[in-house]
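Pasted below: input.pdb, PDB, C-alpha atoms and all ligand atoms.
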```pdb
ATOM      1  CA  MET A   1      -5.873 -14.675 -18.376
ATOM      2  CA  ILE A   2      -6.881 -11.950 -20.800
ATOM      3  CA  ILE A   3      -4.525  -8.965 -20.972
ATOM      4  CA  PHE A   4      -5.961  -5.555 -21.828
ATOM      5  CA  LYS A   5      -3.836  -2.515 -22.613
ATOM      6  CA  GLU A   6      -6.693  -0.214 -23.588
ATOM      7  CA  ALA A   7      -9.096   1.240 -21.053
ATOM      8  CA  ASN A   8     -12.095   1.325 -23.420
ATOM      9  CA  ALA A   9     -11.689  -2.297 -24.474
ATOM     10  CA  LEU A  10     -11.427  -3.408 -20.832
ATOM     11  CA  ALA A  11     -14.463  -1.325 -19.781
ATOM     12  CA  ARG A  12     -16.540  -2.843 -22.630
ATOM     13  CA  HIS A  13     -15.495  -6.372 -21.678
ATOM     14  CA  LEU A  14     -16.329  -5.790 -17.978
ATOM     15  CA  ALA A  15     -19.725  -4.271 -18.862
ATOM     16  CA  GLY A  16     -20.630  -7.638 -20.407
ATOM     17  CA  ILE A  17     -19.552  -9.464 -17.240
ATOM     18  CA  ARG A  18     -21.588  -7.081 -15.086
ATOM     19  CA  ARG A  19     -24.683  -7.670 -17.254
ATOM     20  CA  ASN A  20     -24.377 -11.362 -16.355
ATOM     21  CA  GLY A  21     -24.639 -10.351 -12.688
ATOM     22  CA  ASP A  22     -21.093 -11.387 -11.803
ATOM     23  CA  HIS A  23     -19.225  -9.439  -9.103
ATOM     24  CA  ILE A  24     -15.876  -7.974 -10.086
ATOM     25  CA  GLY A  25     -12.922  -7.959  -7.672
ATOM     26  CA  PHE A  26     -10.051  -5.568  -8.376
ATOM     27  CA  VAL A  27      -6.419  -5.712  -7.185
ATOM     28  CA  PRO A  28      -4.446  -2.627  -8.295
ATOM     29  CA  THR A  29      -0.641  -2.995  -8.163
ATOM     30  CA  MET A  30       2.568  -1.447  -9.430
ATOM     31  CA  GLY A  31       3.962  -4.854 -10.399
ATOM     32  CA  ALA A  32       7.170  -6.617  -9.275
ATOM     33  CA  LEU A  33       4.664  -8.980  -7.722
ATOM     34  CA  HIS A  34       5.266 -10.996  -4.558
ATOM     35  CA  GLN A  35       3.197 -13.151  -2.201
ATOM     36  CA  GLY A  36       1.629 -10.028  -0.629
ATOM     37  CA  HIS A  37       0.048  -9.127  -3.977
ATOM     38  CA  LEU A  38      -0.852 -12.746  -4.678
ATOM     39  CA  SER A  39      -2.616 -13.089  -1.305
ATOM     40  CA  LEU A  40      -4.937 -10.280  -2.455
ATOM     41  CA  ILE A  41      -5.531 -12.091  -5.749
ATOM     42  CA  ARG A  42      -6.458 -15.225  -3.763
ATOM     43  CA  GLN A  43      -8.884 -13.281  -1.575
ATOM     44  CA  SER A  44     -10.513 -11.842  -4.658
ATOM     45  CA  ARG A  45     -10.726 -15.288  -6.268
ATOM     46  CA  ASN A  46     -12.476 -16.565  -3.121
ATOM     47  CA  ARG A  47     -15.015 -13.760  -2.888
ATOM     48  CA  SER A  48     -15.526 -12.192  -6.292
ATOM     49  CA  ALA A  49     -16.622 -14.028  -9.439
ATOM     50  CA  VAL A  50     -14.148 -12.269 -11.711
ATOM     51  CA  THR A  51     -10.705 -11.031 -10.619
ATOM     52  CA  VAL A  52      -9.055  -8.090 -12.363
ATOM     53  CA  ALA A  53      -5.462  -7.116 -11.517
ATOM     54  CA  SER A  54      -3.688  -4.045 -12.824
ATOM     55  CA  ILE A  55       0.001  -3.306 -13.149
ATOM     56  CA  PHE A  56       0.844   0.359 -13.551
ATOM     57  CA  VAL A  57       3.815   2.199 -12.057
ATOM     58  CA  ASN A  58       2.007   5.459 -11.433
ATOM     59  CA  PRO A  59       4.311   8.441 -12.026
ATOM     60  CA  THR A  60       2.068  10.904 -10.176
ATOM     61  CA  GLN A  61       2.475   9.229  -6.785
ATOM     62  CA  PHE A  62       6.288   9.393  -6.714
ATOM     63  CA  ASN A  63       7.637  12.507  -5.024
ATOM     64  CA  ASP A  64      11.183  11.275  -5.701
ATOM     65  CA  LEU A  65      12.141  10.906  -9.382
ATOM     66  CA  SER A  66      14.947   8.432  -8.689
ATOM     67  CA  ASP A  67      12.558   6.180  -6.704
ATOM     68  CA  PHE A  68      10.265   6.162  -9.777
ATOM     69  CA  GLU A  69      13.083   5.480 -12.219
ATOM     70  CA  LYS A  70      14.482   2.640 -10.098
ATOM     71  CA  TYR A  71      11.120   1.028  -9.338
ATOM     72  CA  PRO A  72      11.546  -2.676 -10.249
ATOM     73  CA  VAL A  73       9.779  -3.900 -13.403
ATOM     74  CA  THR A  74       9.369  -7.674 -13.819
ATOM     75  CA  THR A  75       6.386  -7.874 -16.161
ATOM     76  CA  ALA A  76       7.036 -11.310 -17.710
ATOM     77  CA  THR A  77       7.327 -12.958 -14.274
ATOM     78  CA  ASP A  78       4.289 -10.999 -13.042
ATOM     79  CA  ILE A  79       2.176 -12.333 -15.912
ATOM     80  CA  ARG A  80       3.285 -15.887 -15.127
ATOM     81  CA  LEU A  81       2.452 -15.482 -11.404
ATOM     82  CA  LEU A  82      -0.962 -13.919 -12.074
ATOM     83  CA  THR A  83      -1.792 -16.679 -14.553
ATOM     84  CA  SER A  84      -0.833 -19.414 -12.099
ATOM     85  CA  GLU A  85      -3.083 -17.825  -9.422
ATOM     86  CA  GLY A  86      -6.045 -17.963 -11.807
ATOM     87  CA  THR A  87      -6.389 -14.197 -12.334
ATOM     88  CA  ASP A  88      -9.054 -13.614 -14.995
ATOM     89  CA  ILE A  89      -7.956 -10.269 -16.378
ATOM     90  CA  LEU A  90      -4.803  -8.148 -16.285
ATOM     91  CA  PHE A  91      -4.942  -4.456 -17.125
ATOM     92  CA  LEU A  92      -1.508  -3.314 -18.290
ATOM     93  CA  PRO A  93      -1.960   0.269 -19.468
ATOM     94  CA  SER A  94       0.521   2.890 -20.690
ATOM     95  CA  VAL A  95       0.825   6.308 -19.031
ATOM     96  CA  ALA A  96      -1.083   7.845 -21.980
ATOM     97  CA  GLU A  97      -3.919   5.372 -21.483
ATOM     98  CA  ILE A  98      -4.307   6.287 -17.804
ATOM     99  CA  TYR A  99      -3.703  10.019 -18.268
ATOM    100  CA  PRO A 100      -5.003  10.923 -21.741
ATOM    101  CA  GLY A 101      -5.099  14.608 -20.745
ATOM    102  CA  GLY A 102      -1.590  14.506 -19.254
ATOM    103  CA  THR A 103      -0.445  13.754 -15.708
ATOM    104  CA  LYS A 104      -0.871  17.340 -14.519
ATOM    105  CA  GLN A 105      -4.639  17.332 -14.926
ATOM    106  CA  GLY A 106      -6.574  16.094 -11.960
ATOM    107  CA  ARG A 107      -8.733  17.273  -9.172
ATOM    108  CA  ASP A 108      -7.781  18.036  -5.597
ATOM    109  CA  TYR A 109      -9.022  15.310  -3.292
ATOM    110  CA  ASP A 110     -10.057  16.533   0.145
ATOM    111  CA  LEU A 111      -8.188  14.056   2.337
ATOM    112  CA  GLY A 112      -8.142  16.373   5.360
ATOM    113  CA  TYR A 113      -6.054  15.332   8.372
ATOM    114  CA  LEU A 114      -4.953  12.052   6.730
ATOM    115  CA  GLU A 115      -2.798  13.932   4.254
ATOM    116  CA  THR A 116      -1.030  16.018   6.914
ATOM    117  CA  ILE A 117       0.647  13.187   8.856
ATOM    118  CA  LEU A 118       3.170  10.351   8.380
ATOM    119  CA  GLU A 119       3.362   9.396   4.669
ATOM    120  CA  GLY A 120       1.360  12.520   3.809
ATOM    121  CA  ALA A 121       3.823  14.780   5.604
ATOM    122  CA  HIS A 122       6.971  13.003   4.353
ATOM    123  CA  ARG A 123       5.873  12.472   0.740
ATOM    124  CA  PRO A 124       4.182  15.690  -0.407
ATOM    125  CA  GLY A 125       1.637  15.028  -3.153
ATOM    126  CA  HIS A 126       1.931  11.240  -2.805
ATOM    127  CA  PHE A 127      -1.646  10.562  -1.705
ATOM    128  CA  GLN A 128      -3.067  12.978  -4.288
ATOM    129  CA  GLY A 129      -1.253  10.886  -6.924
ATOM    130  CA  VAL A 130      -2.545   7.664  -5.401
ATOM    131  CA  CYS A 131      -6.097   9.022  -5.468
ATOM    132  CA  GLN A 132      -5.670  10.294  -9.029
ATOM    133  CA  VAL A 133      -4.676   6.859 -10.353
ATOM    134  CA  VAL A 134      -7.117   4.837  -8.259
ATOM    135  CA  HIS A 135      -9.976   7.175  -9.239
ATOM    136  CA  ARG A 136      -9.157   6.593 -12.918
ATOM    137  CA  LEU A 137      -8.815   2.825 -12.405
ATOM    138  CA  LEU A 138     -12.118   2.651 -10.499
ATOM    139  CA  ASP A 139     -13.838   4.550 -13.323
ATOM    140  CA  ILE A 140     -12.531   2.000 -15.832
ATOM    141  CA  VAL A 141     -12.971  -1.213 -13.829
ATOM    142  CA  ALA A 142     -16.000  -0.232 -11.678
ATOM    143  CA  PRO A 143     -15.359  -3.156  -9.311
ATOM    144  CA  ASP A 144     -17.702  -4.442  -6.615
ATOM    145  CA  GLN A 145     -14.744  -5.191  -4.332
ATOM    146  CA  LEU A 146     -11.422  -3.367  -4.096
ATOM    147  CA  TYR A 147      -8.660  -5.431  -2.432
ATOM    148  CA  LEU A 148      -5.906  -3.514  -0.600
ATOM    149  CA  GLY A 149      -3.011  -4.548   1.664
ATOM    150  CA  GLN A 150      -2.669  -3.478   5.290
ATOM    151  CA  LYS A 151       1.061  -3.108   4.612
ATOM    152  CA  ASP A 152       0.089   0.364   3.356
ATOM    153  CA  PHE A 153      -2.043   1.171   6.396
ATOM    154  CA  GLN A 154      -2.487   4.893   5.768
ATOM    155  CA  GLN A 155      -3.115   4.298   2.051
ATOM    156  CA  CYS A 156      -6.005   1.979   2.977
ATOM    157  CA  MET A 157      -7.558   4.800   5.003
ATOM    158  CA  VAL A 158      -6.976   7.314   2.203
ATOM    159  CA  LEU A 159      -8.596   5.026  -0.369
ATOM    160  CA  LYS A 160     -11.589   4.321   1.861
ATOM    161  CA  ARG A 161     -12.009   8.081   2.017
ATOM    162  CA  LEU A 162     -11.652   8.351  -1.770
ATOM    163  CA  VAL A 163     -14.412   5.798  -2.278
ATOM    164  CA  GLN A 164     -16.617   7.861   0.075
ATOM    165  CA  LEU A 165     -15.767  11.120  -1.693
ATOM    166  CA  LEU A 166     -16.619   9.583  -5.071
ATOM    167  CA  GLU A 167     -19.761   7.964  -3.631
ATOM    168  CA  MET A 168     -18.884   4.760  -5.441
ATOM    169  CA  PRO A 169     -20.580   1.489  -4.416
ATOM    170  CA  VAL A 170     -17.264  -0.284  -3.883
ATOM    171  CA  GLU A 171     -16.549  -2.545  -0.912
ATOM    172  CA  VAL A 172     -12.990  -2.064   0.334
ATOM    173  CA  VAL A 173     -11.447  -5.339   1.565
ATOM    174  CA  ILE A 174      -8.163  -5.139   3.500
ATOM    175  CA  GLY A 175      -5.734  -8.089   3.414
ATOM    176  CA  GLU A 176      -3.168  -8.766   6.139
ATOM    177  CA  THR A 177       0.506  -7.927   5.608
ATOM    178  CA  VAL A 178       2.416 -10.903   4.183
ATOM    179  CA  ARG A 179       5.956 -11.222   5.569
ATOM    180  CA  GLU A 180       9.152 -13.045   4.674
ATOM    181  CA  ALA A 181      10.180 -15.864   7.067
ATOM    182  CA  ASP A 182      12.387 -13.423   9.024
ATOM    183  CA  GLY A 183       9.538 -10.916   9.472
ATOM    184  CA  LEU A 184      10.379  -8.355   6.788
ATOM    185  CA  ALA A 185       7.160  -7.185   5.129
ATOM    186  CA  MET A 186       7.159  -8.190   1.478
ATOM    187  CA  SER A 187       7.639  -5.196  -0.784
ATOM    188  CA  SER A 188       8.638  -4.701  -4.404
ATOM    189  CA  ARG A 189      11.302  -2.298  -3.140
ATOM    190  CA  ASN A 190      13.018  -5.148  -1.223
ATOM    191  CA  LEU A 191      14.434  -6.188  -4.620
ATOM    192  CA  ARG A 192      16.594  -3.068  -4.507
ATOM    193  CA  LEU A 193      18.338  -4.044  -1.238
ATOM    194  CA  SER A 194      21.853  -5.531  -1.306
ATOM    195  CA  PRO A 195      22.206  -8.873   0.568
ATOM    196  CA  GLY A 196      23.637  -7.060   3.627
ATOM    197  CA  GLU A 197      20.904  -4.403   3.572
ATOM    198  CA  ARG A 198      18.298  -7.120   3.174
ATOM    199  CA  ARG A 199      19.525  -8.826   6.373
ATOM    200  CA  ASN A 200      19.487  -5.581   8.372
ATOM    201  CA  ALA A 201      16.094  -4.536   6.993
ATOM    202  CA  THR A 202      14.277  -6.943   9.339
ATOM    203  CA  ALA A 203      15.048  -4.455  12.134
ATOM    204  CA  ILE A 204      12.029  -2.422  11.003
ATOM    205  CA  TYR A 205       9.692  -5.267  12.014
ATOM    206  CA  ARG A 206      11.682  -5.937  15.205
ATOM    207  CA  SER A 207      11.364  -2.263  16.188
ATOM    208  CA  LEU A 208       7.569  -2.535  15.858
ATOM    209  CA  GLN A 209       7.519  -5.781  17.855
ATOM    210  CA  MET A 210       9.560  -4.071  20.568
ATOM    211  CA  ILE A 211       6.841  -1.378  20.746
ATOM    212  CA  GLU A 212       4.166  -4.069  20.961
ATOM    213  CA  GLN A 213       5.959  -5.783  23.842
ATOM    214  CA  SER A 214       6.665  -2.615  25.850
ATOM    215  CA  ILE A 215       3.526  -0.610  25.092
ATOM    216  CA  ASP A 216       2.053  -1.068  28.587
ATOM    217  CA  ASP A 217       5.268  -0.117  30.366
ATOM    218  CA  LEU A 218       6.762   2.927  28.656
ATOM    219  CA  PRO A 219       5.482   6.322  27.493
ATOM    220  CA  VAL A 220       5.047   6.797  23.759
ATOM    221  CA  GLY A 221       8.105   9.062  23.397
ATOM    222  CA  GLU A 222      10.388   6.492  25.022
ATOM    223  CA  LEU A 223       9.008   3.740  22.764
ATOM    224  CA  GLN A 224       9.670   5.930  19.726
ATOM    225  CA  LYS A 225      13.220   6.642  20.896
ATOM    226  CA  ARG A 226      14.026   2.972  21.507
ATOM    227  CA  ALA A 227      12.493   1.857  18.211
ATOM    228  CA  SER A 228      14.544   4.489  16.381
ATOM    229  CA  GLN A 229      17.667   3.186  18.117
ATOM    230  CA  VAL A 230      16.910  -0.354  16.910
ATOM    231  CA  LEU A 231      16.769   0.982  13.336
ATOM    232  CA  LEU A 232      19.906   3.109  13.535
ATOM    233  CA  GLU A 233      21.904   0.289  15.194
ATOM    234  CA  ASN A 234      20.992  -1.907  12.219
ATOM    235  CA  ASN A 235      22.289   0.482   9.569
ATOM    236  CA  PHE A 236      19.078   2.286   8.702
ATOM    237  CA  ASN A 237      20.527   5.655   7.743
ATOM    238  CA  LYS A 238      17.453   7.851   8.237
ATOM    239  CA  VAL A 239      14.240   7.379  10.214
ATOM    240  CA  ASP A 240      11.345   9.365   8.737
ATOM    241  CA  TYR A 241       9.029   8.463  11.586
ATOM    242  CA  ILE A 242       8.105   5.988  14.272
ATOM    243  CA  ALA A 243       4.563   6.664  15.410
ATOM    244  CA  ILE A 244       1.844   5.159  17.542
ATOM    245  CA  ALA A 245      -1.674   6.078  16.503
ATOM    246  CA  GLU A 246      -5.296   5.191  17.065
ATOM    247  CA  ALA A 247      -5.966   2.498  14.472
ATOM    248  CA  GLU A 248      -9.350   3.867  13.457
ATOM    249  CA  THR A 249      -8.498   7.547  13.034
ATOM    250  CA  LEU A 250      -4.682   7.604  12.827
ATOM    251  CA  ARG A 251      -4.706  10.265  15.544
ATOM    252  CA  LEU A 252      -1.084  10.290  16.739
ATOM    253  CA  LEU A 253      -0.423   9.652  20.412
ATOM    254  CA  PRO A 254       1.715  12.378  22.033
ATOM    255  CA  PRO A 255       5.153  11.420  23.434
ATOM    256  CA  GLY A 256       4.050  11.866  27.056
ATOM    257  CA  GLU A 257       1.113   9.482  26.819
ATOM    258  CA  VAL A 258       1.237   6.163  28.653
ATOM    259  CA  VAL A 259      -1.062   3.851  26.752
ATOM    260  CA  GLU A 260      -4.101   2.403  28.462
ATOM    261  CA  LYS A 261      -4.848  -1.168  27.519
ATOM    262  CA  LYS A 262      -7.380  -2.544  25.074
ATOM    263  CA  ARG A 263      -7.540   0.338  22.667
ATOM    264  CA  PRO A 264      -7.057  -0.416  18.957
ATOM    265  CA  LEU A 265      -3.694   1.133  18.148
ATOM    266  CA  VAL A 266      -1.189   0.833  15.346
ATOM    267  CA  ALA A 267       2.576   1.365  15.368
ATOM    268  CA  LEU A 268       3.962   2.675  12.076
ATOM    269  CA  ALA A 269       7.505   3.155  10.827
ATOM    270  CA  ALA A 270       9.229   4.578   7.759
ATOM    271  CA  ALA A 271      13.001   4.573   7.350
ATOM    272  CA  PHE A 272      15.737   4.510   4.727
ATOM    273  CA  MET A 273      18.027   1.538   4.236
ATOM    274  CA  GLY A 274      20.582   3.116   1.907
ATOM    275  CA  GLU A 275      18.541   4.684  -0.892
ATOM    276  CA  VAL A 276      15.539   2.452  -0.323
ATOM    277  CA  ARG A 277      12.668   3.780   1.778
ATOM    278  CA  LEU A 278      10.827   1.013   3.644
ATOM    279  CA  ILE A 279       7.550   1.256   5.568
ATOM    280  CA  ASP A 280       5.838  -1.175   7.909
ATOM    281  CA  ASN A 281       3.171  -1.211  10.595
ATOM    282  CA  LEU A 282       1.818  -3.454  13.319
ATOM    283  CA  VAL A 283      -1.665  -3.360  14.794
ATOM    284  CA  LEU A 284      -1.407  -3.492  18.605
ATOM    285  CA  ASN A 285      -3.894  -4.890  21.127
TER     286      ASN A 285
HETATM  287  P1  LIG A 301       2.022  -1.936  -4.691
HETATM  288  O1  LIG A 301       2.309  -2.777  -5.885
HETATM  289  O2  LIG A 301       3.173  -1.805  -3.737
HETATM  290  O3  LIG A 301       1.386  -0.610  -5.048
HETATM  291  O4  LIG A 301       0.924  -2.722  -3.862
HETATM  292  C1  LIG A 301      -0.284  -3.140  -4.441
HETATM  293  C2  LIG A 301      -1.198  -3.643  -3.344
HETATM  294  O5  LIG A 301      -0.573  -4.736  -2.671
HETATM  295  C3  LIG A 301      -1.482  -2.568  -2.278
HETATM  296  O6  LIG A 301      -2.825  -2.667  -1.860
HETATM  297  C4  LIG A 301      -0.530  -2.963  -1.194
HETATM  298  O7  LIG A 301      -0.932  -2.531   0.094
HETATM  299  C5  LIG A 301      -0.538  -4.475  -1.284
HETATM  300  N1  LIG A 301       0.663  -5.041  -0.672
HETATM  301  C6  LIG A 301       1.949  -4.674  -0.879
HETATM  302  N2  LIG A 301       2.793  -5.383  -0.098
HETATM  303  C7  LIG A 301       2.005  -6.217   0.633
HETATM  304  C8  LIG A 301       2.280  -7.213   1.639
HETATM  305  N3  LIG A 301       3.517  -7.476   2.049
HETATM  306  N4  LIG A 301       1.227  -7.871   2.173
HETATM  307  C9  LIG A 301      -0.049  -7.604   1.769
HETATM  308  N5  LIG A 301      -0.360  -6.693   0.828
HETATM  309  C10 LIG A 301       0.646  -6.011   0.266
END
```
Represent the structure from my file as structure tokens, please.
Amino acid sequence: MIIFKEANALARHLAGIRRNGDHIGFVPTMGALHQGHLSLIRQSRNRSAVTVASIFVNPTQFNDLSDFEKYPVTTATDIRLLTSEGTDILFLPSVAEIYPGGTKQGRDYDLGYLETILEGAHRPGHFQGVCQVVHRLLDIVAPDQLYLGQKDFQQCMVLKRLVQLLEMPVEVVIGETVREADGLAMSSRNLRLSPGERRNATAIYRSLQMIEQSIDDLPVGELQKRASQVLLENNFNKVDYIAIAEAETLRLLPPGEVVEKKRPLVALAAAFMGEVRLIDNLVLN
């Protein structure tokens, strides 16, 4: 695996690969890698000739300074894992390399409705920061395929929109959520949970499964209430949202709605376990 720290050097190297006609697959990450990240690397290795991963904890997408400061960094282990998965290239830039004009400069991305709900509503500025960094990374890497995880369901939709806005010829490939044996979605933030919190954290997946099982029987509002109860009974201290939405548009279903069958829906949850904010989702039907 070749490690690049400079954007220009990486772009020059990739231009040579592109001249050979090889497709480039790109897996952007913030590091503290787990099997969820590595499943995306494997998908890229299967489909794209050359796999580029990046590790960059992007300051502009954190609306909470303490979350940024406490974000786990495990670079030496990450490099070992990426190497053993056969990753061709790792981009490991500094903040100055990604934001040579400073982090404040950037355009406003028109994300419309997507930015007004769920993660957009609870983390002001978050998706603008995500778009800012991914735009810069796409300019540098210019991949043919961009591999993203369904774990961040709304982020996948935002980044598909970004690719459209930028009119870039990038295929967005979405990988399934990889879970621990007890159902907890793998996340770098899980490293911040104490052993007791880690055990209780599985309730977020159980609350979504409860929605899946009862979706035909109860109105949306009742499902939300019961899912919230599951979280609070298991020591989640704050529920940001439990929502049921149309999977294709993320239009939120109103509390009074009783769901008709066979419609692609997704249940989404965000809640705090102590200081750690966890998100998860489950596609229904
Ligand atoms: P992150 O490092 O959290 O920014 O995530 C980098 C990429 O890995 C994003 O596309 C995430 O959606 C994806 N990802 C994170 N956790 C998982 C998981 N448990 N399963 C599949 N993909 C994941």
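Across A:Pro169, A:Gly129, A:Gly196, A:Gly149, the tightest approach to A:Pro59 is made by A:Gly129 when counting all atoms listed in the file.
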Residues at most 10 Å from A:Glu171, counting all atoms listed in the file, excluding those fewer than 3 positions away in the same chain, as a short mmCIF file (atom, residue, chain, number, x, y, z; two decimals) with C-alpha atoms, in the coordinates of the input?
```cif
data_model
loop_
_atom_site.label_atom_id
_atom_site.label_comp_id
_atom_site.auth_asym_id
_atom_site.auth_seq_id
_atom_site.Cartn_x
_atom_site.Cartn_y
_atom_site.Cartn_z
CA GLY A 25 -12.92 -7.96 -7.67
CA PRO A 143 -15.36 -3.16 -9.31
CA ASP A 144 -17.70 -4.44 -6.62
CA GLN A 145 -14.74 -5.19 -4.33
CA LEU A 146 -11.42 -3.37 -4.10
CA TYR A 147 -8.66 -5.43 -2.43
CA LYS A 160 -11.59 4.32 1.86
CA VAL A 163 -14.41 5.80 -2.28
CA MET A 168 -18.88 4.76 -5.44
CA ILE A 174 -8.16 -5.14 3.50
#
```
Using all atoms listed in the file, the best pick from A:Tyr109, A:Phe62, A:Phe153, A:Tyr205 as closest to ligand LIG 301 (chain A) would be A:Phe153
Taking the file as I've supplied it (selection: the PyMOL selection byres (((not hetatm)) within 9 of (chain A and resi 301))), which residues are included? Please answer as a ChimeraX atom specification. /A:27-40,55-58,146-153,155-156,174-180,184-189,280
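For A:Leu208, the non-local neighbours within 8 Å, defined as residues at least 5 positions apart in the same chain or in other chains and counting only C-alpha atoms, are Ala227, Ala267, Leu268, Ala269, Asn281 and Leu282 of chain A.
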Write a file of the just-selected residues containing C-alpha atoms, as a PDB file, keeping the file's coordinate frame.
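Final output, saved to selection_22.pdb:
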```pdb
ATOM      1  CA  ALA A 227      12.493   1.857  18.211  1.00  0.00           C
ATOM      2  CA  ALA A 267       2.576   1.365  15.368  1.00  0.00           C
ATOM      3  CA  LEU A 268       3.962   2.675  12.076  1.00  0.00           C
ATOM      4  CA  ALA A 269       7.505   3.155  10.827  1.00  0.00           C
ATOM      5  CA  ASN A 281       3.171  -1.211  10.595  1.00  0.00           C
ATOM      6  CA  LEU A 282       1.818  -3.454  13.319  1.00  0.00           C
TER       7      LEU A 282
END
```
Quick one: distance from atom CA of A:Gly112 to atom CA of A:Ala53 in Å, one decimal? 29.0 Å
Using only C-alpha atoms, which protein or nucleic acid residues come within 8 Å of A:Gln154? Drop anything in the same chain fewer than 6 positions from it, and give the result as a PDB file with C-alpha atoms, in the coordinates of the input.
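Saved as part_33.pdb:
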```
ATOM      1  CA  LEU A 114      -4.953  12.052   6.730  1.00  0.00           C
ATOM      2  CA  GLU A 119       3.362   9.396   4.669  1.00  0.00           C
ATOM      3  CA  LEU A 250      -4.682   7.604  12.827  1.00  0.00           C
TER       4      LEU A 250
END
```
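Shortest separation to A:Lys70 among A:Val230, A:Val158, A:Leu191, A:Ala270 occurs at residue A:Leu191, atoms counted being all atoms listed in the file.
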With only C-alpha atoms as the counted atoms, please give the residues lying no more than 12 Å from A:Lys5, apart from itself and same-chain residues fewer than 4 positions off, as a count of residues only. 17
Under the rule that all atoms listed in the file are counted, which of A:Gln132, A:Asn235, A:Asn20, A:Ser214 is the nearest residue to A:Asp110? A:Gln132
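With distances taken over only C-alpha atoms, A:Ala142 is the one residue among A:Ile41, A:Ala271, A:Ala49, A:Ala142 lying closest to A:Arg12.
You will find atom CA of A:Phe26 at 7.6 Å from atom CA of A:Val141.
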Nearest to A:Leu165 by atom-to-atom distance, counting all atoms listed in the file, from A:Asp108, A:Gly125, A:Ile211, A:Ala203: A:Asp108
Point (-3.3, -15.1, -11.5), cut-off 10 Å, counting all atoms listed in the file, residues as number ranges by chain: A: 1, 38, 41-42, 45, 51-53, 78-90
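Picture a line from atom CA of A:Val170 to atom CA of A:Ile24; it runs 10.0 Å.
What the PyMOL selection byres (((chain A and resi 239) around 9) and not hetatm) picks from this file is A:Ser228, A:Leu231, A:Leu232, A:Phe236, A:Asn237, A:Lys238, A:Asp240, A:Tyr241, A:Ile242, A:Ala269, A:Ala270, A:Ala271, A:Phe272.
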Quick one: residues within 10 Å of A:Ser194, all atoms listed in the file, excluding same-chain residues fewer than 5 positions away - as a ChimeraX atom specification? /A:199-200,273-274
Evaluate the PyMOL selection byres (((chain A and resi 284) around 10) and not hetatm) and record the selected residues as a ChimeraX atom specification, following the chain and residue labels used in the document. /A:208-209,211-213,215,244-247,261-267,281-283,285
